$ cat my_file26.pdb   # PDB, C-alpha atoms, pLDDT in the B column
ATOM      1  CA  MET A   1      84.692  89.960  71.353  1.00 91.00           C
ATOM      2  CA  ALA A   2      86.197  86.781  72.755  1.00 95.00           C
ATOM      3  CA  LYS A   3      87.874  87.099  76.153  1.00 95.00           C
ATOM      4  CA  ILE A   4      90.187  84.810  78.125  1.00 95.00           C
ATOM      5  CA  THR A   5      89.634  84.584  81.879  1.00 96.00           C
ATOM      6  CA  TRP A   6      92.743  84.885  84.073  1.00 94.00           C
ATOM      7  CA  LYS A   7      93.100  84.631  87.827  1.00 95.00           C
ATOM      8  CA  ALA A   8      92.443  87.804  89.815  1.00 94.00           C
ATOM      9  CA  GLY A   9      95.177  90.438  89.547  1.00 91.00           C
ATOM     10  CA  THR A  10      95.962  94.144  89.454  1.00 89.00           C
ATOM     11  CA  MET A  11      95.050  94.599  85.794  1.00 89.00           C
ATOM     12  CA  LEU A  12      93.557  98.093  86.044  1.00 92.00           C
ATOM     13  CA  ALA A  13      95.083 100.453  83.500  1.00 92.00           C
ATOM     14  CA  PRO A  14      95.998 103.099  82.691  1.00 93.00           C
ATOM     15  CA  VAL A  15      96.818 104.617  86.068  1.00 94.00           C
ATOM     16  CA  PRO A  16      98.677 107.799  87.035  1.00 93.00           C
ATOM     17  CA  PRO A  17     102.280 107.072  88.091  1.00 97.00           C
ATOM     18  CA  ALA A  18     102.117 109.777  90.746  1.00 98.00           C
ATOM     19  CA  LEU A  19     105.131 111.197  92.519  1.00 98.00           C
ATOM     20  CA  VAL A  20     104.238 111.035  96.202  1.00 98.00           C
ATOM     21  CA  SER A  21     106.436 113.368  98.222  1.00 98.00           C
ATOM     22  CA  CYS A  22     106.815 113.185 101.979  1.00 98.00           C
ATOM     23  CA  GLY A  23     109.207 114.063 104.786  1.00 97.00           C
ATOM     24  CA  THR A  24     110.128 117.720 105.241  1.00 97.00           C
ATOM     25  CA  MET A  25     111.757 120.503 103.249  1.00 97.00           C
ATOM     26  CA  GLU A  26     114.934 119.879 105.259  1.00 97.00           C
ATOM     27  CA  LYS A  27     114.858 116.153 104.459  1.00 96.00           C
ATOM     28  CA  PRO A  28     112.528 115.559 101.518  1.00 97.00           C
ATOM     29  CA  ASN A  29     111.684 112.183 100.027  1.00 98.00           C
ATOM     30  CA  VAL A  30     109.648 111.104  97.027  1.00 98.00           C
ATOM     31  CA  MET A  31     108.344 107.791  95.731  1.00 98.00           C
ATOM     32  CA  THR A  32     106.381 106.666  92.687  1.00 98.00           C
ATOM     33  CA  ALA A  33     102.926 105.214  93.348  1.00 97.00           C
ATOM     34  CA  ALA A  34     100.515 104.079  90.652  1.00 94.00           C
ATOM     35  CA  TRP A  35      98.019 102.915  93.258  1.00 94.00           C
ATOM     36  CA  THR A  36      96.423 106.214  94.135  1.00 96.00           C
ATOM     37  CA  GLY A  37      93.083 107.821  93.370  1.00 96.00           C
ATOM     38  CA  ILE A  38      89.961 109.707  94.413  1.00 97.00           C
ATOM     39  CA  VAL A  39      87.633 108.429  97.132  1.00 97.00           C
ATOM     40  CA  CYS A  40      85.175 111.264  97.791  1.00 98.00           C
ATOM     41  CA  THR A  41      84.344 114.806  96.662  1.00 97.00           C
ATOM     42  CA  GLU A  42      82.977 116.361  99.869  1.00 97.00           C
ATOM     43  CA  PRO A  43      85.120 116.144 101.885  1.00 96.00           C
ATOM     44  CA  THR A  44      87.808 115.759  99.236  1.00 98.00           C
ATOM     45  CA  LEU A  45      89.405 112.413 100.025  1.00 98.00           C
ATOM     46  CA  VAL A  46      92.145 110.553  98.173  1.00 98.00           C
ATOM     47  CA  TYR A  47      94.297 107.541  98.931  1.00 98.00           C
ATOM     48  CA  VAL A  48      97.705 106.076  98.270  1.00 98.00           C
ATOM     49  CA  SER A  49      98.621 102.427  98.869  1.00 98.00           C
ATOM     50  CA  VAL A  50     102.183 101.760 100.041  1.00 98.00           C
ATOM     51  CA  ARG A  51     104.045  98.603 101.035  1.00 97.00           C
ATOM     52  CA  PRO A  52     105.041  98.706 104.755  1.00 97.00           C
ATOM     53  CA  SER A  53     108.616  97.891 103.711  1.00 96.00           C
ATOM     54  CA  ARG A  54     108.959 101.153 101.776  1.00 96.00           C
ATOM     55  CA  TYR A  55     110.944 103.980 103.356  1.00 97.00           C
ATOM     56  CA  SER A  56     108.151 106.426 102.469  1.00 98.00           C
ATOM     57  CA  HIS A  57     105.656 104.327 104.451  1.00 98.00           C
ATOM     58  CA  ARG A  58     107.400 105.183 107.725  1.00 97.00           C
ATOM     59  CA  LEU A  59     107.710 108.869 106.840  1.00 98.00           C
ATOM     60  CA  ILE A  60     104.042 109.203 105.924  1.00 98.00           C
ATOM     61  CA  LYS A  61     102.904 107.225 108.970  1.00 98.00           C
ATOM     62  CA  GLU A  62     104.997 109.353 111.334  1.00 98.00           C
ATOM     63  CA  SER A  63     104.101 112.746 109.866  1.00 98.00           C
ATOM     64  CA  GLY A  64     100.525 112.022 108.773  1.00 98.00           C
ATOM     65  CA  GLU A  65     101.159 114.033 105.610  1.00 98.00           C
ATOM     66  CA  PHE A  66     102.065 113.559 101.970  1.00 98.00           C
ATOM     67  CA  VAL A  67     101.678 115.274  98.608  1.00 98.00           C
ATOM     68  CA  ILE A  68     100.389 113.658  95.408  1.00 98.00           C
ATOM     69  CA  ASN A  69     102.197 115.218  92.451  1.00 98.00           C
ATOM     70  CA  VAL A  70     100.760 114.607  88.964  1.00 97.00           C
ATOM     71  CA  PRO A  71     103.671 114.072  86.525  1.00 97.00           C
ATOM     72  CA  THR A  72     104.123 114.951  82.861  1.00 96.00           C
ATOM     73  CA  SER A  73     105.896 113.027  80.112  1.00 96.00           C
ATOM     74  CA  THR A  74     108.974 115.214  80.606  1.00 97.00           C
ATOM     75  CA  LEU A  75     109.223 113.748  84.117  1.00 98.00           C
ATOM     76  CA  ALA A  76     109.033 110.129  82.919  1.00 97.00           C
ATOM     77  CA  LYS A  77     112.651 109.254  83.750  1.00 97.00           C
ATOM     78  CA  ALA A  78     112.400 110.908  87.151  1.00 98.00           C
ATOM     79  CA  VAL A  79     109.168 109.003  87.829  1.00 98.00           C
ATOM     80  CA  ASP A  80     110.793 105.706  86.925  1.00 97.00           C
ATOM     81  CA  LEU A  81     113.906 106.406  88.983  1.00 97.00           C
ATOM     82  CA  CYS A  82     111.865 107.358  92.045  1.00 97.00           C
ATOM     83  CA  GLY A  83     110.089 104.017  91.719  1.00 96.00           C
ATOM     84  CA  VAL A  84     113.214 101.852  91.717  1.00 96.00           C
ATOM     85  CA  LYS A  85     115.494 103.695  94.166  1.00 95.00           C
ATOM     86  CA  SER A  86     114.999 103.965  97.927  1.00 95.00           C
ATOM     87  CA  GLY A  87     115.113 107.253  99.798  1.00 94.00           C
ATOM     88  CA  LYS A  88     116.752 105.345 102.620  1.00 93.00           C
ATOM     89  CA  ASP A  89     119.917 105.120 100.506  1.00 91.00           C
ATOM     90  CA  VAL A  90     119.906 108.232  98.287  1.00 95.00           C
ATOM     91  CA  ASP A  91     118.452 111.730  97.930  1.00 96.00           C
ATOM     92  CA  LYS A  92     115.979 110.957  95.173  1.00 97.00           C
ATOM     93  CA  PHE A  93     115.167 114.613  94.530  1.00 98.00           C
ATOM     94  CA  ALA A  94     118.819 115.315  93.713  1.00 97.00           C
ATOM     95  CA  LEU A  95     119.303 112.051  91.833  1.00 97.00           C
ATOM     96  CA  ALA A  96     116.203 112.588  89.670  1.00 97.00           C
ATOM     97  CA  GLY A  97     116.977 116.259  88.994  1.00 98.00           C
ATOM     98  CA  ILE A  98     113.720 117.501  90.517  1.00 98.00           C
ATOM     99  CA  HIS A  99     113.208 120.082  93.232  1.00 98.00           C
ATOM    100  CA  ALA A 100     111.327 120.205  96.519  1.00 98.00           C
ATOM    101  CA  ALA A 101     109.121 123.245  97.063  1.00 98.00           C
ATOM    102  CA  PRO A 102     107.211 124.248 100.208  1.00 98.00           C
ATOM    103  CA  CYS A 103     103.488 123.658 100.568  1.00 98.00           C
ATOM    104  CA  THR A 104     100.881 125.934 102.116  1.00 97.00           C
ATOM    105  CA  LYS A 105      99.019 123.511 104.417  1.00 98.00           C
ATOM    106  CA  VAL A 106     101.425 120.625 105.124  1.00 98.00           C
ATOM    107  CA  LYS A 107     105.108 120.366 106.035  1.00 98.00           C
ATOM    108  CA  ALA A 108     105.749 117.759 103.362  1.00 98.00           C
ATOM    109  CA  PRO A 109     107.306 119.204 100.189  1.00 98.00           C
ATOM    110  CA  GLN A 110     105.756 119.259  96.738  1.00 98.00           C
ATOM    111  CA  VAL A 111     107.556 118.539  93.463  1.00 98.00           C
ATOM    112  CA  ALA A 112     108.180 121.925  91.845  1.00 98.00           C
ATOM    113  CA  GLU A 113     108.182 120.498  88.303  1.00 98.00           C
ATOM    114  CA  ALA A 114     104.781 118.769  88.605  1.00 98.00           C
ATOM    115  CA  PRO A 115     101.853 120.778  87.142  1.00 97.00           C
ATOM    116  CA  ILE A 116      99.503 119.721  89.936  1.00 97.00           C
ATOM    117  CA  SER A 117     100.301 118.937  93.571  1.00 98.00           C
ATOM    118  CA  LEU A 118      97.686 117.871  96.119  1.00 98.00           C
ATOM    119  CA  GLU A 119      98.539 118.562  99.762  1.00 98.00           C
ATOM    120  CA  CYS A 120      97.155 115.694 101.847  1.00 98.00           C
ATOM    121  CA  LYS A 121      96.518 115.019 105.544  1.00 98.00           C
ATOM    122  CA  VAL A 122      96.154 111.370 106.577  1.00 98.00           C
ATOM    123  CA  LYS A 123      92.765 110.519 108.103  1.00 98.00           C
ATOM    124  CA  ASN A 124      93.071 106.764 108.382  1.00 98.00           C
ATOM    125  CA  ILE A 125      95.491 103.889 107.705  1.00 98.00           C
ATOM    126  CA  THR A 126      94.090 100.496 106.738  1.00 98.00           C
ATOM    127  CA  SER A 127      96.170  97.364 106.225  1.00 97.00           C
ATOM    128  CA  PHE A 128      94.988  95.091 103.411  1.00 96.00           C
ATOM    129  CA  GLY A 129      97.874  92.612 103.259  1.00 94.00           C
ATOM    130  CA  SER A 130     100.690  93.511 100.872  1.00 96.00           C
ATOM    131  CA  HIS A 131      99.870  97.240 101.100  1.00 97.00           C
ATOM    132  CA  ASP A 132      98.608  99.761 103.624  1.00 98.00           C
ATOM    133  CA  MET A 133      96.114 102.315 102.340  1.00 98.00           C
ATOM    134  CA  PHE A 134      96.577 105.888 103.547  1.00 98.00           C
ATOM    135  CA  LEU A 135      93.211 107.639 103.306  1.00 98.00           C
ATOM    136  CA  ALA A 136      93.757 111.382 103.304  1.00 98.00           C
ATOM    137  CA  GLU A 137      91.938 114.687 102.980  1.00 98.00           C
ATOM    138  CA  VAL A 138      93.148 117.162 100.355  1.00 98.00           C
ATOM    139  CA  LEU A 139      93.834 120.439 102.145  1.00 98.00           C
ATOM    140  CA  ALA A 140      95.098 122.423  99.143  1.00 98.00           C
ATOM    141  CA  VAL A 141      95.852 122.054  95.436  1.00 98.00           C
ATOM    142  CA  ASN A 142      98.782 123.781  93.742  1.00 98.00           C
ATOM    143  CA  VAL A 143      98.498 124.334  89.965  1.00 97.00           C
ATOM    144  CA  ASP A 144     100.998 125.562  87.367  1.00 96.00           C
ATOM    145  CA  GLU A 145      99.806 129.062  86.404  1.00 95.00           C
ATOM    146  CA  LYS A 146     100.804 128.421  82.773  1.00 94.00           C
ATOM    147  CA  LEU A 147      97.912 125.965  82.494  1.00 95.00           C
ATOM    148  CA  ILE A 148      95.283 128.506  83.569  1.00 94.00           C
ATOM    149  CA  ASP A 149      93.738 130.598  80.781  1.00 93.00           C
ATOM    150  CA  LYS A 150      92.533 134.206  80.948  1.00 92.00           C
ATOM    151  CA  ASN A 151      89.088 133.033  82.115  1.00 93.00           C
ATOM    152  CA  GLY A 152      90.563 131.113  85.032  1.00 92.00           C
ATOM    153  CA  ALA A 153      89.914 127.694  83.474  1.00 92.00           C
ATOM    154  CA  LEU A 154      92.441 124.908  83.920  1.00 92.00           C
ATOM    155  CA  ASN A 155      93.744 123.478  80.629  1.00 90.00           C
ATOM    156  CA  LEU A 156      95.332 120.331  81.984  1.00 88.00           C
ATOM    157  CA  GLU A 157      95.339 118.649  78.573  1.00 86.00           C
ATOM    158  CA  LYS A 158      98.214 120.942  77.583  1.00 89.00           C
ATOM    159  CA  ALA A 159     100.480 119.530  80.278  1.00 93.00           C
ATOM    160  CA  GLY A 160     101.373 116.279  78.491  1.00 93.00           C
ATOM    161  CA  LEU A 161     100.319 114.073  81.391  1.00 95.00           C
ATOM    162  CA  LEU A 162     101.953 110.713  81.999  1.00 96.00           C
ATOM    163  CA  ALA A 163     100.104 107.395  82.252  1.00 96.00           C
ATOM    164  CA  TYR A 164     101.256 103.894  83.232  1.00 96.00           C
ATOM    165  CA  ALA A 165      99.915 100.639  81.828  1.00 95.00           C
ATOM    166  CA  HIS A 166     101.224  97.100  82.272  1.00 91.00           C
ATOM    167  CA  GLY A 167     104.849  98.061  82.904  1.00 93.00           C
ATOM    168  CA  PHE A 168     105.136 100.900  80.382  1.00 96.00           C
ATOM    169  CA  TYR A 169     104.819 104.697  80.468  1.00 97.00           C
ATOM    170  CA  TYR A 170     102.693 106.652  77.984  1.00 96.00           C
ATOM    171  CA  GLU A 171     101.944 110.281  77.255  1.00 94.00           C
ATOM    172  CA  LEU A 172      98.215 110.984  77.084  1.00 90.00           C
ATOM    173  CA  GLY A 173      97.054 111.560  73.510  1.00 84.00           C
ATOM    174  CA  LYS A 174      94.401 113.564  71.722  1.00 82.00           C
ATOM    175  CA  LYS A 175      91.132 114.744  73.230  1.00 82.00           C
ATOM    176  CA  ILE A 176      88.155 112.788  71.840  1.00 88.00           C
ATOM    177  CA  GLY A 177      85.257 114.208  73.816  1.00 88.00           C
ATOM    178  CA  LYS A 178      84.120 115.895  77.014  1.00 87.00           C
ATOM    179  CA  PHE A 179      81.903 114.926  79.912  1.00 89.00           C
ATOM    180  CA  GLY A 180      78.285 114.729  78.693  1.00 94.00           C
ATOM    181  CA  TRP A 181      79.048 114.912  74.957  1.00 90.00           C
ATOM    182  CA  SER A 182      77.355 111.546  74.331  1.00 92.00           C
ATOM    183  CA  VAL A 183      73.956 113.051  75.183  1.00 92.00           C
ATOM    184  CA  GLU A 184      74.537 116.579  73.909  1.00 88.00           C
ATOM    185  CA  LYS A 185      71.875 117.943  71.548  1.00 81.00           C
ATOM    186  CA  LYS A 186      72.844 118.050  67.864  1.00 74.00           C
ATOM    187  CA  SER A 187      71.938 121.735  67.596  1.00 64.00           C
ATOM    188  CA  THR A 188      74.434 122.577  70.348  1.00 58.00           C
ATOM    189  CA  LYS A 189      77.155 120.554  68.626  1.00 55.00           C
ATOM    190  CA  LYS A 190      76.443 122.316  65.311  1.00 59.00           C
ATOM    191  CA  LYS A 191      76.616 125.788  66.898  1.00 59.00           C
ATOM    192  CA  ARG A 192      79.926 124.946  68.540  1.00 61.00           C
ATOM    193  CA  ALA A 193      81.369 123.630  65.254  1.00 59.00           C
ATOM    194  CA  VAL A 194      80.333 126.800  63.412  1.00 52.00           C
ATOM    195  CA  LYS A 195      81.842 128.975  66.130  1.00 58.00           C
ATOM    196  CA  GLN A 196      85.150 127.067  65.965  1.00 56.00           C
ATOM    197  CA  ARG A 197      85.306 127.464  62.148  1.00 55.00           C
ATOM    198  CA  ARG A 198      84.482 131.175  62.193  1.00 54.00           C
ATOM    199  CA  PRO A 199      87.607 133.274  61.424  1.00 54.00           C
ATOM    200  CA  ALA A 200      88.845 135.660  64.091  1.00 53.00           C
ATOM    201  CA  ASN A 201      88.022 139.334  63.661  1.00 53.00           C
ATOM    202  CA  ASN A 202      91.383 141.059  63.506  1.00 50.00           C
ATOM    203  CA  GLY A 203      90.022 144.420  62.464  1.00 47.00           C
TER     204      GLY A 203
END

$ encode --input "my_file26.pdb" --output "structure tokens"
Amino acid sequence: MAKITWKAGTMLAPVPPALVSCGTMEKPNVMTAAWTGIVCTEPTLVYVSVRPSRYSHRLIKESGEFVINVPTSTLAKAVDLCGVKSGKDVDKFALAGIHAAPCTKVKAPQVAEAPISLECKVKNITSFGSHDMFLAEVLAVNVDEKLIDKNGALNLEKAGLLAYAHGFYYELGKKIGKFGWSVEKKSTKKKRAVKQRRPANNG
């Protein structure tokens, strides 16, 4: 494979175009942030990078709280709108047709329509130039009950999650494997295949 070398840039894709909600239930705000992710498992730490000029930056800095909402493809237009409009000028929740819902651990609202919402408490703010990184601890996770099966397992692949790559939005496609499948024993794979093909007993 031949590659062309470009100058350094933010060419990491795909990324989740998360809806980051902040403010309060009385005065909620939401912004779109693709620059967010996981930092640590124990304690559970995440981050979101925000330009200091953004209205949400001041709200998050003052309150020390925010919520990362994972969007679906049905929220694509709302996600895009919340990324181009400023909460300083308009009520983005109303404009985007989404709804603020209360959280359990923070005063910031969550997006009711998002299948997963992570309630976050800011631990540290680091300035890196164009953006400030808000490092935060996840205090609670809210999950759409429709995505939880009878065994209590989360089936997030059924949500139709949204991804962002190089200026465009995409819905995540088909499942092609699971963690550890590359080293799974052939006998285990064969047993699983047989089990999946076996007809259900409706007697």

$ residues_around --input "my_file26.pdb" --residues "Val20 in chain A" --least-positions-apart "5" --cutoff "8 Å" --atoms "all atoms listed in the file" --output "mmCIF file with C-alpha atoms, keeping the file's coordinate frame"
data_model
loop_
_atom_site.group_PDB
_atom_site.id
_atom_site.type_symbol
_atom_site.label_atom_id
_atom_site.label_comp_id
_atom_site.auth_asym_id
_atom_site.auth_seq_id
_atom_site.Cartn_x
_atom_site.Cartn_y
_atom_site.Cartn_z
ATOM 1 C CA VAL A 30 109.648 111.104 97.027
ATOM 2 C CA MET A 31 108.344 107.791 95.731
ATOM 3 C CA THR A 32 106.381 106.666 92.687
ATOM 4 C CA ALA A 33 102.926 105.214 93.348
ATOM 5 C CA PHE A 66 102.065 113.559 101.970
ATOM 6 C CA VAL A 67 101.678 115.274 98.608
ATOM 7 C CA ILE A 68 100.389 113.658 95.408
ATOM 8 C CA ASN A 69 102.197 115.218 92.451
#

$ residues_around --input "my_file26.pdb" --residues "Pro28 in chain A" --least-positions-apart "4" --cutoff "10 Å" --atoms "all atoms listed in the file" --output "number ranges by chain"
A: 21-24, 59, 87, 91-93, 99-101, 107-111

$ write_last_selection --input "my_file26.pdb" --atoms "C-alpha atoms" --output "tab-separated table (two decimals), in the coordinates of the input"
chain	number	residue	atom	x	y	z
A	21	SER	CA	106.44	113.37	98.22
A	22	CYS	CA	106.82	113.18	101.98
A	23	GLY	CA	109.21	114.06	104.79
A	24	THR	CA	110.13	117.72	105.24
A	59	LEU	CA	107.71	108.87	106.84
A	87	GLY	CA	115.11	107.25	99.80
A	91	ASP	CA	118.45	111.73	97.93
A	92	LYS	CA	115.98	110.96	95.17
A	93	PHE	CA	115.17	114.61	94.53
A	99	HIS	CA	113.21	120.08	93.23
A	100	ALA	CA	111.33	120.20	96.52
A	101	ALA	CA	109.12	123.24	97.06
A	107	LYS	CA	105.11	120.37	106.04
A	108	ALA	CA	105.75	117.76	103.36
A	109	PRO	CA	107.31	119.20	100.19
A	110	GLN	CA	105.76	119.26	96.74
A	111	VAL	CA	107.56	118.54	93.46

$ atom_distance --input "my_file26.pdb" --atom1 "CA of Lys174 in chain A" --atom2 "CA of Val141 in chain A"
25.2 Å

$ closest_atom_pairs --input "my_file26.pdb" --of "range 47-88 of chain A" --to "range 145-163 of chain A" --cutoff "6 Å" --atoms "all atoms listed in the file" --output "tab-separated table"
residue	atom	partner	partner_atom	distance
A:Pro71	CA	A:Leu162	CA	5.9
A:Thr72	CA	A:Leu161	CA	4.2
A:Ser73	CA	A:Leu162	CA	4.9

$ axis_aligned_box --input "my_file26.pdb" --around "range 12-18 of chain A" --padding-each-side "3 Å" --output "lines of an AutoDock Vina configuration file"
center_x = 97.9
center_y = 103.9
center_z = 86.7
size_x = 14.7
size_y = 17.7
size_z = 14.1

$ closest_residue --input "my_file26.pdb" --among "A:Val143, A:Met11, A:Ala2, A:Leu45" --to "Asn124 in chain A" --atoms "all atoms listed in the file"
A:Leu45

$ closest_residue --input "my_file26.pdb" --among "A:Ile176, A:Glu119, A:Asn29, A:Asn142" --to "His57 in chain A" --atoms "only C-alpha atoms"
A:Asn29

$ residues_around --input "my_file26.pdb" --residues "Val46 in chain A" --least-positions-apart "2" --cutoff "12 Å" --atoms "only C-alpha atoms" --output "ChimeraX atom specification"
/A:35-44,48-49,66-68,118-124,133-139

$ atom_distance --input "my_file26.pdb" --atom1 "CA of Ala18 in chain A" --atom2 "CA of Gly64 in chain A"
18.2 Å

$ resolve_selection --input "my_file26.pdb" --expression "the PyMOL selection byres ((chain A and resi 165) around 12)" --output "ChimeraX atom specification"
/A:10-17,34-35,162-164,166-172

$ atom_distance --input "my_file26.pdb" --atom1 "CA of Ala94 in chain A" --atom2 "CA of Ser53 in chain A"
22.5 Å

$ resolve_selection --input "my_file26.pdb" --expression "the PyMOL selection byres ((chain A and resi 96) around 8)" --output "ChimeraX atom specification"
/A:77-78,81-82,92-95,97-98

$ closest_residue --input "my_file26.pdb" --among "A:Val84, A:Ile4, A:Val79, A:Met25" --to "Arg54 in chain A" --atoms "all atoms listed in the file"
A:Val84

$ closest_residue --input "my_file26.pdb" --among "A:Val90, A:Lys61, A:Ser56, A:Ala140" --to "Thr104 in chain A" --atoms "only C-alpha atoms"
A:Ala140
